[in-house]
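Here the structure is laid out as structure tokens; the discussion comes afterwards.
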Amino acid sequence: MKYRSLDIRINQLIGFIGLDLAYNFYGASYKHGIFYSVGIYSGYAFKINNHPWIYSKQNRLHSDKTIEYRNYNIGLYFIINVE
């Protein structure tokens with residue numbers, strides 16, 4: 001008897017248009033190629049395809065349902081950049 005596991009993959013293509021504002025600052029570690037960034041981003045996300053792509057092992061499934069998400073995004077970030 002062959003044991004199978006359930007493997008369903010759901011993909012939705014989403015595009016994003018927005019703004020990203022960042023401030024780079026350098027510390028004593030800049031001599032070693034390390035600097036830091038603090039920023040904020042904001043934007044609008046939109047669907048590229050209306051219905052999600054649903055795949056199972058060697059099968060493609062179809063659905064008339066859509067994936068719900070929030071269109072407007074905003075966030076803060078902190079990055080350590082290493083050159």
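Letters A, B, ... go to the chains of the structure tokens in the order shown; residues in each chain start at 1; ligands are counted from 1 in the same order.
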As JSON, numbers by chain, please: every residue in chain A that DSSP puts in strand (DSSP E).
{"A": [9, 10, 11, 14, 15, 16, 17, 18, 19, 20, 21, 22, 23, 24, 25, 34, 35, 36, 37, 38, 39, 40, 41, 42, 43, 44, 45, 46, 47, 53, 54, 55, 56, 59, 60, 61, 72, 73, 74, 75, 76, 77, 78, 79, 80, 81, 82]}
Distance query A:Ala45 at most 7 Å, only C-alpha atoms, self and fewer than 3 positions along chain excluded, as a list of chain:residue names
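In the requested format, the answer is A:Ile14, A:Gly15, A:Phe16, A:Ile17, A:Asn71, A:Tyr72.
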Those residues you just picked out, can you put them in a file as a PDB file, in the first residue's frame with N, CA and C atoms?
```pdb
ATOM      1  N   ILE A  14       0.307  39.137  -7.052  1.00  0.00           N
ATOM      2  CA  ILE A  14      -0.095  40.450  -6.557  1.00  0.00           C
ATOM      3  C   ILE A  14       1.002  41.447  -6.906  1.00  0.00           C
ATOM      4  N   GLY A  15       0.621  42.598  -7.450  1.00  0.00           N
ATOM      5  CA  GLY A  15       1.544  43.686  -7.728  1.00  0.00           C
ATOM      6  C   GLY A  15       1.466  44.722  -6.620  1.00  0.00           C
ATOM      7  N   PHE A  16       2.477  45.580  -6.529  1.00  0.00           N
ATOM      8  CA  PHE A  16       2.527  46.581  -5.470  1.00  0.00           C
ATOM      9  C   PHE A  16       3.084  47.878  -6.041  1.00  0.00           C
ATOM     10  N   ILE A  17       2.370  48.974  -5.836  1.00  0.00           N
ATOM     11  CA  ILE A  17       2.824  50.303  -6.225  1.00  0.00           C
ATOM     12  C   ILE A  17       2.846  51.148  -4.967  1.00  0.00           C
ATOM     13  N   ASN A  71      -5.807  46.034   0.571  1.00  0.00           N
ATOM     14  CA  ASN A  71      -5.177  46.702  -0.562  1.00  0.00           C
ATOM     15  C   ASN A  71      -4.114  47.709  -0.145  1.00  0.00           C
ATOM     16  N   TYR A  72      -4.282  48.359   0.996  1.00  0.00           N
ATOM     17  CA  TYR A  72      -3.346  49.398   1.401  1.00  0.00           C
ATOM     18  C   TYR A  72      -2.383  48.846   2.444  1.00  0.00           C
TER      19      TYR A  72
END
```
Residue with smallest distance to A:Ile79 - pool A:Tyr41, A:Phe46, A:Phe35, A:Trp53, counting only C-alpha atoms
A:Phe35
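Interatomic distance, atom CA of A:Gly75 to atom CA of A:Pro52: 25.7 Å.
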Kindly indicate which residue among A:Ser42, A:Asn73, A:Ser63, A:Gln58 lies nearest to A:Leu19, using only C-alpha atoms for the distances.
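Among A:Ser42, A:Asn73, A:Ser63, A:Gln58, it is A:Ser42 that comes nearest to A:Leu19.
Among A:Asp20, A:Lys57, A:His32, A:Phe25, the residue with the shortest atom-to-atom distance to A:Glu83, counting only C-alpha atoms, is A:His32.
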Which residue out of A:Phe78, A:Asp7, A:Asn50, A:Gly33 has the minimum interatomic distance to A:Leu21 when only C-alpha atoms are used?
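Going through A:Phe78, A:Asp7, A:Asn50, A:Gly33 one by one, the smallest distance to A:Leu21 is for A:Phe78.
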Restricting the calculation to only C-alpha atoms, which member of A:Asn81, A:Ser37, A:Asn24, A:Asn11 is positioned closest to A:His62?
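Closest to A:His62, using only C-alpha atoms: A:Asn11.
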